>>> print(open('run_18.csv').read())   # CSV, C-alpha atoms and all ligand atoms
chain,number,residue,atom,x,y,z
A,1,MET,CA,0.0,0.0,0.0
A,2,GLU,CA,1.2,3.5,-0.8
A,3,LEU,CA,3.1,5.0,2.1
A,4,ASN,CA,0.8,8.0,2.8
A,5,ARG,CA,-2.3,5.8,2.8
A,6,LYS,CA,-0.6,3.3,5.1
A,7,PHE,CA,0.4,6.0,7.5
A,8,PRO,CA,-1.9,9.0,7.1
A,9,GLU,CA,-0.5,10.8,10.1
A,10,LYS,CA,3.0,10.7,8.4
A,11,ARG,CA,5.4,10.8,11.4
A,12,VAL,CA,8.9,9.2,11.4
A,13,VAL,CA,11.9,9.1,13.7
A,14,ILE,CA,15.3,8.5,12.0
A,15,THR,CA,18.5,8.0,14.1
A,16,GLY,CA,21.7,9.3,12.5
A,17,ALA,CA,19.8,11.4,10.0
A,18,GLY,CA,22.5,14.0,9.9
A,19,SER,CA,24.3,12.3,7.1
A,20,GLY,CA,24.4,9.5,4.5
A,21,LEU,CA,21.5,7.1,4.4
A,22,GLY,CA,19.7,8.7,7.4
A,23,ARG,CA,19.6,12.1,5.6
A,24,ALA,CA,18.6,10.5,2.3
A,25,LEU,CA,15.7,8.7,4.1
A,26,ALA,CA,14.7,12.0,5.7
A,27,LEU,CA,14.6,13.7,2.3
A,28,GLU,CA,12.5,10.9,0.7
A,29,PHE,CA,10.0,11.2,3.5
A,30,ALA,CA,10.1,15.0,3.1
A,31,LYS,CA,9.1,14.7,-0.6
A,32,ARG,CA,6.0,12.9,0.7
A,33,LYS,CA,5.3,15.7,3.2
A,34,TRP,CA,6.1,13.8,6.4
A,35,ASN,CA,7.0,15.0,9.9
A,36,ILE,CA,10.6,13.9,10.4
A,37,ALA,CA,12.4,13.7,13.7
A,38,ILE,CA,16.2,13.8,13.2
A,39,ALA,CA,17.7,12.0,16.2
A,40,GLU,CA,21.4,12.8,15.8
A,41,ILE,CA,24.5,13.2,17.9
A,42,ASN,CA,26.0,15.8,15.6
A,43,ASP,CA,23.9,19.0,16.0
A,44,THR,CA,25.4,20.8,13.0
A,45,ARG,CA,24.6,18.0,10.6
A,46,ALA,CA,21.2,17.6,12.1
A,47,LYS,CA,20.4,21.2,11.5
A,48,GLU,CA,21.6,20.9,7.9
A,49,THR,CA,19.3,18.0,7.3
A,50,ALA,CA,16.4,19.9,8.9
A,51,GLU,CA,16.9,22.8,6.5
A,52,MET,CA,17.0,20.4,3.6
A,53,VAL,CA,13.9,18.6,4.8
A,54,GLU,CA,11.9,21.9,5.1
A,55,LYS,CA,13.0,22.8,1.5
A,56,GLU,CA,11.7,19.5,0.2
A,57,GLY,CA,8.3,20.1,1.8
A,58,GLY,CA,8.6,18.1,5.0
A,59,LYS,CA,8.5,19.2,8.7
A,60,ALA,CA,11.7,18.7,10.6
A,61,LEU,CA,12.2,18.2,14.4
A,62,THR,CA,15.8,17.9,15.5
A,63,ILE,CA,16.4,16.0,18.8
A,64,HIS,CA,19.9,15.7,20.2
A,65,CYS,CA,20.4,11.9,20.7
A,66,ASP,CA,23.3,9.6,21.4
A,67,VAL,CA,22.1,6.2,20.4
A,68,THR,CA,24.4,4.5,22.9
A,69,THR,CA,22.5,6.1,25.7
A,70,PRO,CA,19.2,4.4,26.4
A,71,ALA,CA,17.7,7.5,28.1
A,72,ASP,CA,18.3,9.5,24.9
A,73,LEU,CA,15.9,7.2,23.0
A,74,ASP,CA,13.3,7.5,25.7
A,75,ASN,CA,13.7,11.2,25.4
A,76,VAL,CA,13.2,11.0,21.6
A,77,LEU,CA,9.9,9.2,22.1
A,78,LYS,CA,8.8,11.7,24.8
A,79,LYS,CA,9.6,14.7,22.5
A,80,VAL,CA,7.8,13.3,19.4
A,81,LEU,CA,4.7,12.5,21.5
A,82,GLU,CA,4.7,16.0,22.9
A,83,GLU,CA,5.2,17.5,19.5
A,84,TRP,CA,3.1,15.2,17.3
A,85,GLN,CA,0.9,13.3,19.8
A,86,GLY,CA,2.1,10.1,18.1
A,87,VAL,CA,4.7,8.4,15.9
A,88,ASP,CA,4.3,5.8,13.1
A,89,ILE,CA,7.8,4.6,12.0
A,90,LEU,CA,11.1,4.3,13.9
A,91,ILE,CA,14.2,3.8,11.8
A,92,ASN,CA,17.2,2.7,13.8
A,93,ASN,CA,19.9,3.8,11.2
A,94,ALA,CA,22.9,5.4,13.1
A,95,GLY,CA,26.0,3.2,12.9
A,96,VAL,CA,29.7,3.0,12.3
A,97,ALA,CA,32.1,0.8,10.4
A,98,SER,CA,35.3,-1.0,11.2
A,99,ALA,CA,37.8,-3.6,10.0
A,100,GLY,CA,40.7,-5.6,11.4
A,101,TRP,CA,42.2,-9.0,11.8
A,102,PHE,CA,40.2,-10.7,14.6
A,103,GLU,CA,43.1,-11.0,17.1
A,104,LYS,CA,44.2,-7.4,16.4
A,105,ILE,CA,40.8,-5.7,17.2
A,106,PRO,CA,41.3,-4.1,20.7
A,107,LEU,CA,38.6,-5.0,23.2
A,108,GLU,CA,37.6,-1.4,23.6
A,109,LYS,CA,36.9,-1.3,19.8
A,110,TRP,CA,34.5,-4.3,20.2
A,111,ASP,CA,32.7,-2.4,23.0
A,112,TRP,CA,32.5,0.7,20.8
A,113,ILE,CA,31.1,-0.9,17.8
A,114,ILE,CA,28.7,-3.2,19.7
A,115,GLY,CA,27.4,-0.1,21.5
A,116,LEU,CA,26.9,1.8,18.2
A,117,ASN,CA,25.6,-0.8,15.9
A,118,THR,CA,23.8,-3.3,18.1
A,119,ASN,CA,22.9,-1.8,21.4
A,120,SER,CA,21.7,1.3,19.7
A,121,ILE,CA,19.0,-0.8,18.0
A,122,ILE,CA,18.2,-2.5,21.2
A,123,HIS,CA,17.7,0.9,22.9
A,124,GLY,CA,15.5,2.2,20.1
A,125,CYS,CA,13.3,-0.9,20.1
A,126,ARG,CA,13.0,-1.0,23.9
A,127,SER,CA,11.9,2.7,24.0
A,128,PHE,CA,9.4,2.5,21.2
A,129,ILE,CA,7.9,-1.1,21.3
A,130,PRO,CA,5.7,-0.5,24.4
A,131,TYR,CA,4.2,2.6,22.7
A,132,PHE,CA,3.6,0.7,19.4
A,133,LYS,CA,2.1,-2.3,21.3
A,134,GLU,CA,-0.3,0.0,23.2
A,135,ARG,CA,-1.5,1.4,19.9
A,136,LYS,CA,-1.5,-1.9,18.1
A,137,ALA,CA,0.2,-0.1,15.2
A,138,GLY,CA,3.6,1.1,14.1
A,139,TYR,CA,6.6,0.1,12.0
A,140,ILE,CA,10.3,-0.5,12.9
A,141,VAL,CA,13.1,-0.5,10.4
A,142,ASN,CA,16.5,-1.6,11.5
A,143,VAL,CA,19.5,-0.7,9.3
A,144,ALA,CA,21.9,-3.6,9.3
A,145,SER,CA,24.2,-4.4,6.4
A,146,ASN,CA,25.0,-7.1,3.9
A,147,ALA,CA,28.1,-7.6,6.0
A,148,GLY,CA,25.9,-9.4,8.5
A,149,ILE,CA,25.2,-12.0,5.8
A,150,ALA,CA,28.4,-12.1,3.8
A,151,SER,CA,30.8,-12.4,6.8
A,152,LEU,CA,33.8,-11.3,4.7
A,153,PRO,CA,37.3,-11.6,6.3
A,154,GLU,CA,39.0,-8.9,8.4
A,155,MET,CA,35.6,-7.4,9.3
A,156,ALA,CA,34.6,-9.6,12.3
A,157,SER,CA,33.5,-6.8,14.6
A,158,TYR,CA,31.4,-5.0,12.0
A,159,ASN,CA,30.0,-8.3,10.6
A,160,ALA,CA,29.0,-9.6,14.1
A,161,THR,CA,27.1,-6.4,15.1
A,162,LYS,CA,25.2,-6.4,11.8
A,163,ALA,CA,24.4,-10.2,12.1
A,164,ALA,CA,23.1,-9.5,15.6
A,165,ALA,CA,20.9,-6.7,14.1
A,166,ILE,CA,19.5,-9.0,11.5
A,167,SER,CA,18.8,-11.8,14.1
A,168,LEU,CA,17.1,-9.5,16.6
A,169,THR,CA,15.0,-8.0,13.8
A,170,GLU,CA,14.0,-11.5,12.6
A,171,THR,CA,12.9,-12.3,16.1
A,172,LEU,CA,10.8,-9.1,16.3
A,173,ARG,CA,9.2,-9.8,13.0
A,174,ILE,CA,7.5,-12.9,14.5
A,175,GLU,CA,7.1,-11.5,18.0
A,176,LEU,CA,5.5,-8.2,17.0
A,177,ALA,CA,3.2,-9.5,14.2
A,178,ALA,CA,0.6,-10.3,16.8
A,179,SER,CA,0.5,-6.6,17.8
A,180,ASN,CA,0.2,-5.4,14.2
A,181,ILE,CA,3.7,-3.9,14.2
A,182,GLY,CA,5.6,-4.1,10.9
A,183,VAL,CA,9.3,-4.9,11.0
A,184,SER,CA,12.0,-4.7,8.3
A,185,VAL,CA,15.8,-5.0,8.2
A,186,VAL,CA,17.9,-3.2,5.6
A,187,CYS,CA,21.0,-5.0,4.3
A,188,PRO,CA,22.8,-2.8,1.8
A,189,THR,CA,26.2,-3.5,0.3
A,190,PHE,CA,28.5,-0.5,-0.2
A,191,PHE,CA,27.3,3.0,-1.0
A,192,LYS,CA,29.0,6.4,-0.7
A,193,THR,CA,28.4,8.3,2.6
A,194,ASN,CA,30.5,9.7,5.4
A,195,LEU,CA,30.8,6.3,7.1
A,196,MET,CA,34.7,6.5,6.7
A,197,ASP,CA,34.8,9.5,9.0
A,198,GLN,CA,34.6,7.3,12.1
A,199,PHE,CA,36.0,4.1,10.5
A,200,SER,CA,38.2,2.1,12.8
A,201,SER,CA,40.9,-0.3,11.8
A,202,PRO,CA,44.4,-1.1,13.2
A,203,ASP,CA,45.8,-1.5,9.7
A,204,GLU,CA,46.4,1.1,6.9
A,205,ARG,CA,45.9,-1.5,4.2
A,206,GLN,CA,42.4,-2.2,5.5
A,207,ARG,CA,41.6,1.5,5.6
A,208,LYS,CA,42.6,1.7,1.9
A,209,LEU,CA,40.5,-1.3,0.9
A,210,ALA,CA,37.5,0.2,2.7
A,211,ASP,CA,38.1,3.6,1.1
A,212,THR,CA,38.0,1.8,-2.3
A,213,PHE,CA,34.8,0.1,-1.5
A,214,PHE,CA,32.9,3.1,-0.1
A,215,GLY,CA,34.6,5.8,-2.2
A,216,ASN,CA,33.9,4.3,-5.6
A,217,ALA,CA,30.6,2.6,-4.9
A,218,LYS,CA,28.1,3.2,-7.7
A,219,THR,CA,25.0,3.0,-5.5
A,220,THR,CA,23.9,6.2,-3.8
A,221,SER,CA,22.3,6.7,-0.4
A,222,GLU,CA,19.3,8.2,-2.3
A,223,LYS,CA,18.8,4.9,-4.2
A,224,VAL,CA,19.1,2.9,-1.0
A,225,ALA,CA,16.6,5.2,0.7
A,226,ARG,CA,14.1,5.0,-2.2
A,227,HIS,CA,14.4,1.2,-2.2
A,228,THR,CA,13.8,1.1,1.6
A,229,ILE,CA,10.7,3.2,1.4
A,230,GLN,CA,9.2,1.1,-1.4
A,231,SER,CA,9.9,-2.0,0.6
A,232,ILE,CA,8.1,-0.5,3.7
A,233,GLU,CA,5.1,0.1,1.4
A,234,LYS,CA,5.2,-3.6,0.5
A,235,ASN,CA,5.8,-4.7,4.0
A,236,ARG,CA,8.9,-6.5,2.8
A,237,PHE,CA,11.1,-7.9,5.6
A,238,TYR,CA,14.5,-8.3,4.1
A,239,ILE,CA,15.4,-5.1,2.3
A,240,ILE,CA,18.5,-6.2,0.3
A,241,THR,CA,19.0,-3.1,-1.8
A,242,GLN,CA,21.6,-4.1,-4.3
A,243,LYS,CA,22.0,-6.9,-6.8
A,244,ASP,CA,25.4,-8.0,-5.6
A,245,GLY,CA,23.9,-8.3,-2.1
A,246,ARG,CA,21.0,-10.3,-3.3
A,247,ASN,CA,23.4,-12.7,-5.1
A,248,ILE,CA,25.5,-13.1,-2.0
A,249,TRP,CA,22.3,-13.7,0.1
A,250,ARG,CA,21.0,-16.4,-2.2
A,251,MET,CA,24.4,-18.2,-2.5
A,252,LYS,CA,25.0,-18.2,1.2
A,253,ARG,CA,21.5,-19.5,1.8
A,254,PHE,CA,21.3,-22.2,-0.8
A,255,ALA,CA,24.9,-23.3,-1.1
A,256,PRO,CA,26.7,-22.4,2.1
A,257,GLU,CA,29.6,-24.8,1.7
A,258,LEU,CA,30.3,-23.6,-1.8
A,259,TYR,CA,30.0,-20.0,-0.6
A,260,PHE,CA,32.7,-20.5,2.1
A,261,LYS,CA,34.9,-22.5,-0.3
A,262,ILE,CA,34.9,-19.8,-3.0
A,263,PHE,CA,35.5,-16.9,-0.6
A,264,GLY,CA,38.2,-19.0,1.2
A,265,ILE,CA,40.1,-19.5,-2.0
A,266,VAL,CA,39.7,-15.9,-3.2
A,267,TYR,CA,41.1,-14.7,0.2
A,268,LYS,CA,43.9,-17.3,0.6
A,269,THR,CA,45.3,-16.6,-2.9
A,270,GLY,CA,45.4,-12.8,-2.2
A,271,PHE,CA,43.0,-12.3,-5.2
A,272,PHE,CA,41.1,-9.9,-3.0
A,273,ASP,CA,43.9,-7.4,-2.7
A,274,ARG,CA,45.5,-7.8,-6.1
A,275,HIS,CA,42.4,-7.6,-8.3
A,276,LEU,CA,40.0,-5.9,-6.0
A,277,VAL,CA,39.2,-2.8,-8.1
A,278,ARG,CA,39.0,-4.9,-11.4
A,279,LEU,CA,36.7,-7.4,-9.6
A,280,LEU,CA,34.5,-4.6,-8.4
A,281,LYS,CA,34.3,-3.1,-11.9
A,282,VAL,CA,33.4,-6.4,-13.4
A,283,LEU,CA,30.6,-6.9,-10.8
A,284,ASN,CA,29.5,-3.3,-11.6
A,285,ILE,CA,29.8,-2.3,-8.0
A,286,VAL,CA,32.3,0.6,-8.6
A,287,GLY,CA,32.6,3.0,-11.6
A,301,LIG,N1,27.6,3.3,3.6
A,301,LIG,C1,27.6,2.0,3.4
A,301,LIG,O1,28.2,1.5,2.4
A,301,LIG,C2,26.7,1.1,4.3
A,301,LIG,C3,26.5,-0.2,3.9
A,301,LIG,C4,25.8,-1.0,4.7
A,301,LIG,C5,25.2,-0.5,5.8
A,301,LIG,N2,25.4,0.8,6.2
A,301,LIG,C6,24.7,1.2,7.4
A,301,LIG,O2,24.0,2.4,7.2
A,301,LIG,C7,23.8,3.1,8.4
A,301,LIG,C8,24.1,4.6,8.1
A,301,LIG,O3,25.4,4.8,7.7
A,301,LIG,P1,25.9,5.8,6.6
A,301,LIG,O4,26.7,5.0,5.6
A,301,LIG,O5,24.8,6.7,6.2
A,301,LIG,O6,27.0,6.6,7.5
A,301,LIG,P2,27.2,8.1,7.8
A,301,LIG,O7,28.5,8.2,8.7
A,301,LIG,O8,27.2,9.0,6.6
A,301,LIG,O9,26.0,8.5,8.8
A,301,LIG,C9,25.8,8.0,10.1
A,301,LIG,C10,25.2,9.1,11.0
A,301,LIG,O10,25.0,8.5,12.3
A,301,LIG,C11,25.4,9.6,13.2
A,301,LIG,N3,25.9,9.0,14.5
A,301,LIG,C12,27.1,8.4,14.8
A,301,LIG,N4,27.2,8.1,16.0
A,301,LIG,C13,26.0,8.4,16.6
A,301,LIG,C14,25.5,8.3,17.9
A,301,LIG,N5,26.2,7.8,18.9
A,301,LIG,N6,24.2,8.7,18.1
A,301,LIG,C15,23.4,9.3,17.1
A,301,LIG,N7,23.9,9.4,15.9
A,301,LIG,C16,25.1,9.0,15.6
A,301,LIG,C17,26.5,10.3,12.5
A,301,LIG,O11,26.7,11.6,13.1
A,301,LIG,C18,26.0,10.4,11.1
A,301,LIG,O12,25.2,11.5,10.9
A,301,LIG,C19,24.8,2.5,9.4
A,301,LIG,O13,24.1,1.7,10.3
A,301,LIG,C20,25.7,1.7,8.5
A,301,LIG,O14,26.3,0.6,9.1
A,301,LIG,C21,26.1,1.6,5.4
>>> encode(input="run_18.csv", output="structure tokens", more="lines below")
Ligand SMILES: NC(=O)c1ccc[n+]([C@@H]2O[C@H](COP(=O)([O-])OP(=O)(O)OC[C@H]3O[C@@H](n4cnc5c(N)ncnc54)[C@H](O)[C@@H]3O)[C@@H](O)[C@H]2O)c1
Amino acid sequence: MELNRKFPEKRVVITGAGSGLGRALALEFAKRKWNIAIAEINDTRAKETAEMVEKEGGKALTIHCDVTTPADLDNVLKKVLEEWQGVDILINNAGVASAGWFEKIPLEKWDWIIGLNTNSIIHGCRSFIPYFKERKAGYIVNVASNAGIASLPEMASYNATKAAAISLTETLRIELAASNIGVSVVCPTFFKTNLMDQFSSPDERQRKLADTFFGNAKTTSEKVARHTIQSIEKNRFYIITQKDGRNIWRMKRFAPELYFKIFGIVYKTGFFDRHLVRLLKVLNIVG
């Protein structure tokens, strides 16, 4: 069903909407004349998004929010209820990226990324689910990543946080259906954003690889945002926004042993490093 018919009151909360996918989602909702709460830690970026939202025809509400702090998510709910008397969609989008050989990832970096990519989603869901359940209506979108499916090497901490996000969203899909609450999980592959700003890796080579992936990605955050909104309209659970991601998802699901064999050989032979850019071009992932 078309988004504005499905949610006639048109109220959405987006975490991390000061940049990248969060901002692109805010602007897509703005085109549809929604009320958009920008729950962001970076006040300057939040303000920029708010101005862009208003220009596109939406109504913006900026709320300072650190998604690693549970009370901040409670406060976001409180603020939107005061301002709009209700809310229809929560998008847990804020997140960071990292890389590193497993044994080289410092424990504090594990805590950091689990806090930002997994606990943040737990906090958002914990704050909003009681309200949605009471209304017997609402929709939760959790932004994970194809990394949570592909489990590529040297990305254990990022992969694990995103796999956890997928699993907890799968659980909610079943658990919340009885309360008429929709749930989706977004699993994009690479697209160009500011994600490298906070990227963490103990190794320069890994940073360069990540730069290649993110910096040259063909897909834009606008495309991922449009795909996400169309999927919410269709009540689609897995939102796998790019073709390469869908291929990886199918292969891992239907031929897991073959999947691990192929990626194991590719990694062992160093093919990944030597032919990375060429491979990405052939796969039409980078320009
Ligand atoms: N860019 C990609 O290629 C890609 C691929 C797959 C998944 N993702 C996921 O998409 C989501 C959005 O990432 P993006 O690429 O748009 O990155 P981005 O860095 O452009 O945007 C992330 C936003 O989150 C905000 N943020 C960071 N820490 C925060 C905190 N503690 N509290 C509140 N807000 C905080 C940042 O200020 C920023 O505005 C992330 O969850 C990321 O893992 C991105």
>>> closest_residue(input="run_18.csv", among="A:Leu61, A:Ala24, A:Val53, A:Ile262", to="ligand LIG 301 (chain A)", atoms="only C-alpha atoms and all ligand atoms")
A:Ala24
>>> residues_near_point(input="run_18.csv", point="(15.5, 16.4, 13.2)", cutoff="10 Å", atoms="all atoms listed in the file", output="number ranges by chain")
A: 12-18, 23, 26, 35-40, 43, 45-51, 53, 59-64
>>> atom_distance(input="run_18.csv", atom1="atom CA of A:Gly95", atom2="atom CA of A:Asn159")
12.4 Å
>>> residues_near_ligand(input="run_18.csv", ligand="ligand LIG 301 (chain A)", cutoff="6 Å", atoms="all atoms listed in the file", output="ChimeraX atom specification")
/A:15-22,40-42,65-68,93-97,143-145,188-195,214
>>> atom_distance(input="run_18.csv", atom1="atom CA of A:Gly115", atom2="atom CA of A:Thr161")
9.0 Å
>>> atom_distance(input="run_18.csv", atom1="atom CA of A:Glu9", atom2="atom CA of A:Leu90")
13.8 Å
>>> closest_residue(input="run_18.csv", among="A:Gly138, A:Glu54, A:Lys78, A:Ser98", to="A:Arg11", atoms="only C-alpha atoms")
A:Gly138
>>> residues_near_point(input="run_18.csv", point="(-1.9, 4.2, 2.7)", cutoff="12 Å", atoms="all atoms listed in the file", output="VMD selection string")
chain A and resid 1 to 10 32 232 to 235
>>> residues_around(input="run_18.csv", residues="stretch 174-187 of chain A", least_positions_apart="5", cutoff="10 Å", atoms="only C-alpha atoms", output="ChimeraX atom specification")
/A:88-93,129,132-149,162-163,165-169,224-225,227-228,231-232,235-242,245-246,249
>>> closest_residue(input="run_18.csv", among="A:Ala150, A:Ile229, A:Met251, A:Ala99", to="A:Gln206", atoms="all atoms listed in the file")
A:Ala99
>>> closest_residue(input="run_18.csv", among="A:Ile105, A:Ala156, A:Leu116, A:Ala71", to="A:Phe128", atoms="all atoms listed in the file")
A:Ala71
>>> closest_residue(input="run_18.csv", among="A:Ser157, A:Asn119, A:Thr220, A:Gln230", to="A:Phe199", atoms="only C-alpha atoms")
A:Ser157
>>> decode(input="run_18.csv", residues="stretch 251-269 of chain A", atoms="C-alpha atoms", output="short mmCIF file (atom, residue, chain, number, x, y, z; two decimals), in the first residue's frame")
data_model
loop_
_atom_site.label_atom_id
_atom_site.label_comp_id
_atom_site.auth_asym_id
_atom_site.auth_seq_id
_atom_site.Cartn_x
_atom_site.Cartn_y
_atom_site.Cartn_z
CA MET A 251 24.36 -18.19 -2.53
CA LYS A 252 25.00 -18.24 1.23
CA ARG A 253 21.46 -19.53 1.83
CA PHE A 254 21.28 -22.22 -0.83
CA ALA A 255 24.92 -23.34 -1.12
CA PRO A 256 26.70 -22.36 2.12
CA GLU A 257 29.60 -24.81 1.73
CA LEU A 258 30.30 -23.60 -1.81
CA TYR A 259 30.04 -20.02 -0.63
CA PHE A 260 32.70 -20.48 2.06
CA LYS A 261 34.92 -22.49 -0.33
CA ILE A 262 34.89 -19.78 -3.01
CA PHE A 263 35.53 -16.89 -0.64
CA GLY A 264 38.16 -18.95 1.21
CA ILE A 265 40.12 -19.53 -2.02
CA VAL A 266 39.73 -15.93 -3.15
CA TYR A 267 41.05 -14.71 0.19
CA LYS A 268 43.88 -17.27 0.55
CA THR A 269 45.32 -16.58 -2.89
#
